[in-house]
There are 2 protein chains.
Amino acid sequence: MVTVTILGAGAMGSALATPAAAAGNRVRLWGTWLDDDLLAGLRAGRPHPRTGAPLAPGVGLHDAGGLAAALDGADLVAVAISSDGVLEVARRAAAAGLEPGTPLLLCTKGFGRRPDGTVDLLPPLIAAAVPAGCPVVAVGGPCKANEVAAGRPTAAVFAGADRAVVAGCADALTTPAYRVECGLDLPGVEAAAATKNVYAIAVGVCHGLTEAGGEPWHDLAAATFTQAVAEMRRLAAALGGREETVLGLAGLGDLEVTSLSGRNRVLGARVGRGQPPDQALAAMAAAGQTVEGAPAARLALELAAQHELDLPLLAAVNRVLDGASDPAAELAAAVLPS
Amino acid sequence: MVTVTILGAGAMGSALATPAAAAGNRVRLWGTWLDDDLLAGLRAGRPHPRTGAPLAPGVGLHDAGGLAAALDGADLVAVAISSDGVLEVARRAAAAGLEPGTPLLLCTKGFGRRPDGTVDLLPPLIAAAVPAGCPVVAVGGPCKANEVAAGRPTAAVFAGADRAVVAGCADALTTPAYRVECGLDLPGVEAAAATKNVYAIAVGVCHGLTEAGGEPWHDLAAATFTQAVAEMRRLAAALGGREETVLGLAGLGDLEVTSLSGRNRVLGARVGRGQPPDQALAAMAAAGQTVEGAPAARLALELAAQHELDLPLLAAVNRVLDGASDPAAELAAAVLPS
């Protein structure tokens, strides 16, 4: 039994309370300055609006002003903040007394910018924002928040540089339903987790084509999926990750689940059905739906350029998001044999 | 322009006439002794009942008794017969004058038995049934018959021992929509093509669980997909294939499309929704739906044992098909981290 503090009361933060509590820990859930309504609903016993599940029993709730209390004595801090807010929350946690040495379990997927403006994976950026010696452990694998919250069978991947720290995090959160594969390939898991959101948009476009015409475009979807895995391997390798990581739960497993459901798929499907991407993004934003894969597509393309990688499907996704007139043709040109 | 003879007037046989004709060839479609009704419908100009598409224009139709005429002067013979009939058709083709040296483009997916009763991939069994020097070229990749027939974008993989023969087959059939990746890894493509049907049943079970309860089991589906690819790699390698083949269009690409739709997925989904597998198979058989993955599951397990491979998901699929009482638990035990 340890004290687990979860930062972020969105879908994944509240979901992670299910295994954290079921494994017998003291669990605290801290909501950001944007999460007041979510906390109020959870305090009132209502299901979380984004997972449909009630919060696990016994979880302590802390609002934005209570960060120091939420962190006090925490053995493990899970970070479940959207990618555009995660560095700010890391800095606030540091100022609020995050203890050096506390492991940070990073559920956020995406990229960020270094002070010089170039693009990087999140762990080094977060490590620079928190006290020395707070090891970052990446969370990957096919873990939909609604299923984790409901306690359905889920395989997660935890990866970090220190084997004992990773094992400690896994021990704290493992339940019969929430199972954890431990590894050392932090960059591989992070690269896979961030890029799968981008490529799921592309697969979603194919599903939108199917929905629009009532005739399946599954062959193109599958060829797109295959090319996505190939490009995820190349990008992970360029970032110091292992290709095998991409070929496991953290890569093709997460791409599979992200292509089955979720916001990135939905964005792609809207575009495949013919909606201009800027209108699709605006409609989703109006419904409170952040699509992490859309900004990540731009950053991934920059990152690929930094590493002199030519990734045709990634480029095609960016053209589609820029409003290319024939998304199917863009994908076909990128994924079919020439 | 060459003469392409397609053996089998089922979904894939009639579908392959679309690229074969669009590429400018003389195309003949031969129906087996079970295909008389299909040929009658195509002669009458009706769409094929299994693809919904009309036959490509200009294709010559040959009924079961006209095998010799169908084969006379053929430069390339595509074999699109179900796995339980393919060796009989190969023997009949040999008796009907199949010329030595004619390439056989093998669309059939599955396993067969050697004369000693052990299990093998189909190409060596077919090679033993036809004249010497008829090279077998395996067809893999995510190619649904209805999409190939309709001319939607599709990526196929052709693989055989002789690079020039493979390239010749690809040149004959490539169109702007039907694109072919050429390779030399015949056992890898065949192993992937046969086993993906088996594993798509497992993914289908997860989709059936989702449909039954109205709550997603996508995390388990994605973990199952990941384990499937891992086991397909191991089996392909044991059979002399390359793991990279399994990681491309012929492996994870074909598994993706087969998990999205088709009879193997449907069988799994019926079982996931709670129907006993023998009833599900009987209902599908009564509707004229052969489920290749069900017999292939048994043969793949024998083949794995011949190679002393322990493949937990393959074993779980067999237990599920044997009527195991909790299919979700069988899959979870096989695919979640321990």
# chains A, B, ... in the order shown; residues from 1 in each chain; ligands from 1
$ residues_around --residues "Asp171 in chain A" --least-positions-apart "5" --cutoff "9 Å" --atoms "only C-alpha atoms" --output "PDB file with C-alpha atoms, in the first residue's frame"
ATOM      1  CA  ALA A  23      -4.811  -2.506  -5.731  1.00  0.00           C
ATOM      2  CA  VAL A 166       9.290   0.733 -13.153  1.00  0.00           C
ATOM      3  CA  VAL A 180       1.293  -4.190 -16.681  1.00  0.00           C
TER       4      VAL A 180
END
$ interface_residues --of "chain B" --to "chain A" --cutoff "7 Å" --atoms "only C-alpha atoms" --output "PDB file with N, CA and C atoms, in the first residue's frame"
ATOM      1  N   PRO B 142      -3.976  -7.387 -47.514  1.00  0.00           N
ATOM      2  CA  PRO B 142      -5.377  -7.077 -47.181  1.00  0.00           C
ATOM      3  C   PRO B 142      -6.217  -6.857 -48.427  1.00  0.00           C
ATOM      4  N   CYS B 143      -6.815  -7.919 -48.913  1.00  0.00           N
ATOM      5  CA  CYS B 143      -7.551  -7.909 -50.184  1.00  0.00           C
ATOM      6  C   CYS B 143      -8.916  -8.536 -49.961  1.00  0.00           C
ATOM      7  N   LYS B 144      -9.906  -7.760 -49.603  1.00  0.00           N
ATOM      8  CA  LYS B 144     -11.254  -8.304 -49.511  1.00  0.00           C
ATOM      9  C   LYS B 144     -11.828  -8.427 -50.917  1.00  0.00           C
ATOM     10  N   PRO B 153      -9.145   0.781 -53.789  1.00  0.00           N
ATOM     11  CA  PRO B 153      -7.686   0.658 -53.634  1.00  0.00           C
ATOM     12  C   PRO B 153      -7.304  -0.515 -52.740  1.00  0.00           C
ATOM     13  N   THR B 154      -6.438  -1.346 -53.239  1.00  0.00           N
ATOM     14  CA  THR B 154      -6.065  -2.584 -52.556  1.00  0.00           C
ATOM     15  C   THR B 154      -4.583  -2.858 -52.768  1.00  0.00           C
ATOM     16  N   ALA B 155      -3.934  -3.302 -51.676  1.00  0.00           N
ATOM     17  CA  ALA B 155      -2.521  -3.671 -51.737  1.00  0.00           C
ATOM     18  C   ALA B 155      -2.398  -5.181 -51.575  1.00  0.00           C
ATOM     19  N   ARG B 179      -2.764  -2.926 -56.435  1.00  0.00           N
ATOM     20  CA  ARG B 179      -1.319  -2.726 -56.450  1.00  0.00           C
ATOM     21  C   ARG B 179      -0.651  -3.912 -55.787  1.00  0.00           C
ATOM     22  N   VAL B 180       0.490  -4.283 -56.330  1.00  0.00           N
ATOM     23  CA  VAL B 180       1.134  -5.520 -55.909  1.00  0.00           C
ATOM     24  C   VAL B 180       2.551  -5.261 -55.407  1.00  0.00           C
ATOM     25  N   GLU B 181       2.826  -5.735 -54.206  1.00  0.00           N
ATOM     26  CA  GLU B 181       4.192  -5.747 -53.662  1.00  0.00           C
ATOM     27  C   GLU B 181       4.768  -7.128 -53.941  1.00  0.00           C
ATOM     28  N   HIS B 218     -12.531  -3.098 -26.309  1.00  0.00           N
ATOM     29  CA  HIS B 218     -11.509  -2.812 -27.306  1.00  0.00           C
ATOM     30  C   HIS B 218     -10.102  -3.044 -26.763  1.00  0.00           C
ATOM     31  N   ASP B 219      -9.900  -2.806 -25.463  1.00  0.00           N
ATOM     32  CA  ASP B 219      -8.562  -3.036 -24.917  1.00  0.00           C
ATOM     33  C   ASP B 219      -8.170  -4.507 -25.074  1.00  0.00           C
ATOM     34  N   LEU B 220      -9.106  -5.400 -24.776  1.00  0.00           N
ATOM     35  CA  LEU B 220      -8.804  -6.823 -24.936  1.00  0.00           C
ATOM     36  C   LEU B 220      -8.634  -7.172 -26.411  1.00  0.00           C
ATOM     37  N   ALA B 222      -7.426  -5.270 -28.726  1.00  0.00           N
ATOM     38  CA  ALA B 222      -6.122  -4.775 -29.180  1.00  0.00           C
ATOM     39  C   ALA B 222      -4.982  -5.624 -28.615  1.00  0.00           C
ATOM     40  N   ALA B 223      -5.110  -6.057 -27.367  1.00  0.00           N
ATOM     41  CA  ALA B 223      -4.085  -6.940 -26.812  1.00  0.00           C
ATOM     42  C   ALA B 223      -4.101  -8.289 -27.537  1.00  0.00           C
ATOM     43  N   PHE B 225      -5.005  -8.705 -30.685  1.00  0.00           N
ATOM     44  CA  PHE B 225      -4.399  -8.421 -31.993  1.00  0.00           C
ATOM     45  C   PHE B 225      -2.873  -8.447 -31.880  1.00  0.00           C
ATOM     46  N   THR B 226      -2.356  -7.829 -30.832  1.00  0.00           N
ATOM     47  CA  THR B 226      -0.902  -7.753 -30.648  1.00  0.00           C
ATOM     48  C   THR B 226      -0.305  -9.147 -30.453  1.00  0.00           C
ATOM     49  N   GLY B 248       4.318  -6.885 -42.287  1.00  0.00           N
ATOM     50  CA  GLY B 248       3.919  -6.059 -43.406  1.00  0.00           C
ATOM     51  C   GLY B 248       2.490  -6.338 -43.839  1.00  0.00           C
ATOM     52  N   LEU B 249       2.215  -6.019 -45.090  1.00  0.00           N
ATOM     53  CA  LEU B 249       0.853  -6.146 -45.626  1.00  0.00           C
ATOM     54  C   LEU B 249       0.315  -7.568 -45.496  1.00  0.00           C
ATOM     55  N   LEU B 252       0.264  -8.345 -40.608  1.00  0.00           N
ATOM     56  CA  LEU B 252      -0.624  -7.501 -39.801  1.00  0.00           C
ATOM     57  C   LEU B 252      -1.619  -6.732 -40.667  1.00  0.00           C
ATOM     58  N   GLY B 253      -1.274  -6.456 -41.920  1.00  0.00           N
ATOM     59  CA  GLY B 253      -2.245  -5.815 -42.803  1.00  0.00           C
ATOM     60  C   GLY B 253      -3.452  -6.704 -43.060  1.00  0.00           C
ATOM     61  N   ASP B 254      -3.178  -7.958 -43.363  1.00  0.00           N
ATOM     62  CA  ASP B 254      -4.282  -8.884 -43.644  1.00  0.00           C
ATOM     63  C   ASP B 254      -5.055  -9.213 -42.364  1.00  0.00           C
ATOM     64  N   GLU B 256      -5.521  -7.162 -39.948  1.00  0.00           N
ATOM     65  CA  GLU B 256      -6.351  -5.981 -39.678  1.00  0.00           C
ATOM     66  C   GLU B 256      -7.641  -6.033 -40.492  1.00  0.00           C
ATOM     67  N   VAL B 257      -7.514  -6.305 -41.781  1.00  0.00           N
ATOM     68  CA  VAL B 257      -8.724  -6.277 -42.613  1.00  0.00           C
ATOM     69  C   VAL B 257      -9.639  -7.459 -42.279  1.00  0.00           C
ATOM     70  N   ALA B 332      -8.120 -13.464 -22.272  1.00  0.00           N
ATOM     71  CA  ALA B 332      -7.372 -12.617 -21.334  1.00  0.00           C
ATOM     72  C   ALA B 332      -6.166 -13.369 -20.782  1.00  0.00           C
ATOM     73  N   LEU B 336      -2.931 -11.082 -21.917  1.00  0.00           N
ATOM     74  CA  LEU B 336      -2.546 -10.018 -20.984  1.00  0.00           C
ATOM     75  C   LEU B 336      -1.197 -10.342 -20.346  1.00  0.00           C
ATOM     76  N   PRO B 337      -0.414  -9.313 -19.993  1.00  0.00           N
ATOM     77  CA  PRO B 337       0.847  -9.565 -19.284  1.00  0.00           C
ATOM     78  C   PRO B 337       0.560 -10.319 -17.984  1.00  0.00           C
TER      79      PRO B 337
END
$ closest_residue --among "B:Ala191, B:Val77, B:Leu281, B:Ala170" --to "Gly241 in chain B" --atoms "only C-alpha atoms"
B:Ala191
$ closest_residue --among "B:Val86, B:Val79, B:Leu125, B:Val320" --to "Trp30 in chain B" --atoms "only C-alpha atoms"
B:Val79
$ residues_around --residues "Ala93 in chain B" --least-positions-apart "2" --cutoff "10 Å" --atoms "only C-alpha atoms" --output "VMD selection string"
chain B and resid 7 67 to 68 70 to 71 77 87 to 91 95 to 99 129 to 131
$ write_last_selection --atoms "all heavy atoms" --output "CSV table (one decimal), in the first residue's frame"
chain,number,residue,atom,x,y,z
B,7,LEU,N,-9.3,-20.1,-61.6
B,7,LEU,CA,-10.0,-21.4,-61.1
B,7,LEU,C,-10.8,-21.1,-59.9
B,7,LEU,O,-10.2,-20.7,-58.8
B,7,LEU,CB,-9.0,-22.5,-60.9
B,7,LEU,CG,-8.2,-22.9,-62.1
B,7,LEU,CD1,-7.3,-24.1,-61.7
B,7,LEU,CD2,-9.0,-23.2,-63.3
B,67,LEU,N,-12.8,-27.6,-68.1
B,67,LEU,CA,-11.5,-27.2,-67.5
B,67,LEU,C,-10.4,-27.2,-68.5
B,67,LEU,O,-9.6,-26.3,-68.5
B,67,LEU,CB,-11.2,-28.2,-66.3
B,67,LEU,CG,-9.9,-27.9,-65.5
B,67,LEU,CD1,-9.9,-26.5,-65.0
B,67,LEU,CD2,-9.8,-28.9,-64.3
B,68,ALA,N,-10.4,-28.2,-69.4
B,68,ALA,CA,-9.3,-28.3,-70.4
B,68,ALA,C,-9.3,-27.0,-71.3
B,68,ALA,O,-8.3,-26.4,-71.6
B,68,ALA,CB,-9.4,-29.6,-71.2
B,70,ALA,N,-10.6,-24.2,-70.5
B,70,ALA,CA,-10.2,-23.0,-69.7
B,70,ALA,C,-8.7,-22.9,-69.6
B,70,ALA,O,-8.2,-21.8,-69.5
B,70,ALA,CB,-10.9,-23.1,-68.3
B,71,LEU,N,-8.0,-24.0,-69.5
B,71,LEU,CA,-6.6,-24.0,-69.3
B,71,LEU,C,-5.8,-23.9,-70.6
B,71,LEU,O,-4.6,-23.5,-70.5
B,71,LEU,CB,-6.2,-25.3,-68.5
B,71,LEU,CG,-6.6,-25.4,-67.1
B,71,LEU,CD1,-6.4,-26.8,-66.6
B,71,LEU,CD2,-6.0,-24.4,-66.2
B,77,VAL,N,-2.3,-19.1,-64.2
B,77,VAL,CA,-3.5,-19.7,-63.6
B,77,VAL,C,-3.7,-19.2,-62.2
B,77,VAL,O,-2.8,-19.5,-61.4
B,77,VAL,CB,-3.5,-21.2,-63.7
B,77,VAL,CG1,-4.7,-21.8,-63.0
B,77,VAL,CG2,-3.5,-21.7,-65.2
B,87,LEU,N,-6.7,-29.0,-53.4
B,87,LEU,CA,-5.8,-30.1,-53.9
B,87,LEU,C,-6.6,-30.9,-55.0
B,87,LEU,O,-6.0,-31.4,-56.0
B,87,LEU,CB,-5.3,-31.0,-52.8
B,87,LEU,CG,-4.4,-30.3,-51.8
B,87,LEU,CD1,-4.0,-31.2,-50.6
B,87,LEU,CD2,-3.1,-29.9,-52.6
B,88,GLU,N,-7.9,-31.1,-54.8
B,88,GLU,CA,-8.6,-31.9,-55.8
B,88,GLU,C,-8.6,-31.1,-57.1
B,88,GLU,O,-8.5,-31.7,-58.2
B,88,GLU,CB,-10.1,-32.1,-55.3
B,88,GLU,CG,-11.0,-32.7,-56.3
B,88,GLU,CD,-10.6,-34.1,-56.7
B,88,GLU,OE1,-9.8,-34.8,-56.0
B,88,GLU,OE2,-11.1,-34.5,-57.8
B,89,VAL,N,-8.8,-29.8,-57.0
B,89,VAL,CA,-8.8,-29.0,-58.3
B,89,VAL,C,-7.4,-29.0,-58.9
B,89,VAL,O,-7.3,-29.0,-60.1
B,89,VAL,CB,-9.3,-27.5,-58.0
B,89,VAL,CG1,-9.0,-26.6,-59.1
B,89,VAL,CG2,-10.8,-27.6,-57.6
B,90,ALA,N,-6.4,-29.0,-58.1
B,90,ALA,CA,-5.0,-29.0,-58.7
B,90,ALA,C,-4.8,-30.3,-59.4
B,90,ALA,O,-4.3,-30.3,-60.5
B,90,ALA,CB,-4.0,-28.9,-57.5
B,91,ARG,N,-5.3,-31.4,-58.9
B,91,ARG,CA,-5.2,-32.7,-59.6
B,91,ARG,C,-6.0,-32.7,-60.9
B,91,ARG,O,-5.5,-33.2,-61.9
B,91,ARG,CB,-5.6,-33.8,-58.6
B,91,ARG,CG,-4.6,-34.2,-57.6
B,91,ARG,CD,-5.0,-35.4,-56.7
B,91,ARG,NE,-6.1,-35.2,-55.8
B,91,ARG,CZ,-5.9,-34.9,-54.5
B,91,ARG,NH1,-4.7,-34.8,-54.0
B,91,ARG,NH2,-6.9,-34.6,-53.8
B,95,ALA,N,-4.7,-33.2,-64.8
B,95,ALA,CA,-5.3,-34.1,-65.7
B,95,ALA,C,-5.8,-33.5,-66.9
B,95,ALA,O,-5.9,-34.1,-68.0
B,95,ALA,CB,-6.3,-35.0,-65.0
B,96,ALA,N,-6.2,-32.2,-66.8
B,96,ALA,CA,-6.9,-31.5,-67.9
B,96,ALA,C,-5.9,-30.8,-68.8
B,96,ALA,O,-6.3,-30.0,-69.6
B,96,ALA,CB,-7.9,-30.5,-67.4
B,97,GLY,N,-4.6,-31.0,-68.6
B,97,GLY,CA,-3.6,-30.5,-69.5
B,97,GLY,C,-2.9,-29.2,-69.0
B,97,GLY,O,-2.4,-28.5,-69.9
B,98,LEU,N,-2.9,-28.9,-67.8
B,98,LEU,CA,-2.1,-27.8,-67.3
B,98,LEU,C,-0.7,-27.9,-67.8
B,98,LEU,O,0.0,-28.9,-67.5
B,98,LEU,CB,-2.2,-27.7,-65.7
B,98,LEU,CG,-1.3,-26.7,-65.1
B,98,LEU,CD1,-1.8,-25.3,-65.4
B,98,LEU,CD2,-1.3,-26.9,-63.5
B,99,GLU,N,-0.2,-26.9,-68.5
B,99,GLU,CA,1.1,-27.0,-69.1
B,99,GLU,C,2.2,-26.9,-68.0
B,99,GLU,O,2.2,-26.0,-67.2
B,99,GLU,CB,1.3,-25.9,-70.1
B,99,GLU,CG,0.5,-26.0,-71.3
B,99,GLU,CD,1.2,-27.0,-72.3
B,99,GLU,OE1,2.4,-27.2,-72.2
B,99,GLU,OE2,0.4,-27.6,-73.1
B,129,ALA,N,1.0,-31.9,-56.7
B,129,ALA,CA,-0.2,-32.4,-57.4
B,129,ALA,C,-0.3,-32.0,-58.9
B,129,ALA,O,-1.1,-32.4,-59.6
B,129,ALA,CB,-1.5,-31.9,-56.7
B,130,VAL,N,0.7,-31.1,-59.3
B,130,VAL,CA,0.6,-30.5,-60.6
B,130,VAL,C,1.9,-30.9,-61.4
B,130,VAL,O,2.8,-31.4,-60.8
B,130,VAL,CB,0.4,-29.0,-60.6
B,130,VAL,CG1,-0.9,-28.7,-60.0
B,130,VAL,CG2,1.5,-28.3,-59.9
B,131,PRO,N,1.9,-30.6,-62.7
B,131,PRO,CA,3.1,-31.0,-63.5
B,131,PRO,C,4.4,-30.3,-62.9
B,131,PRO,O,4.3,-29.2,-62.3
B,131,PRO,CB,2.8,-30.5,-64.9
B,131,PRO,CG,1.3,-30.4,-65.0
B,131,PRO,CD,0.9,-30.1,-63.6
$ residues_around --residues "range 106-119 of chain B" --least-positions-apart "4" --cutoff "7 Å" --atoms "only C-alpha atoms" --output "PyMOL selection string"
chain B and resi 78-83+125+136-139+193-194+296+299+302-303
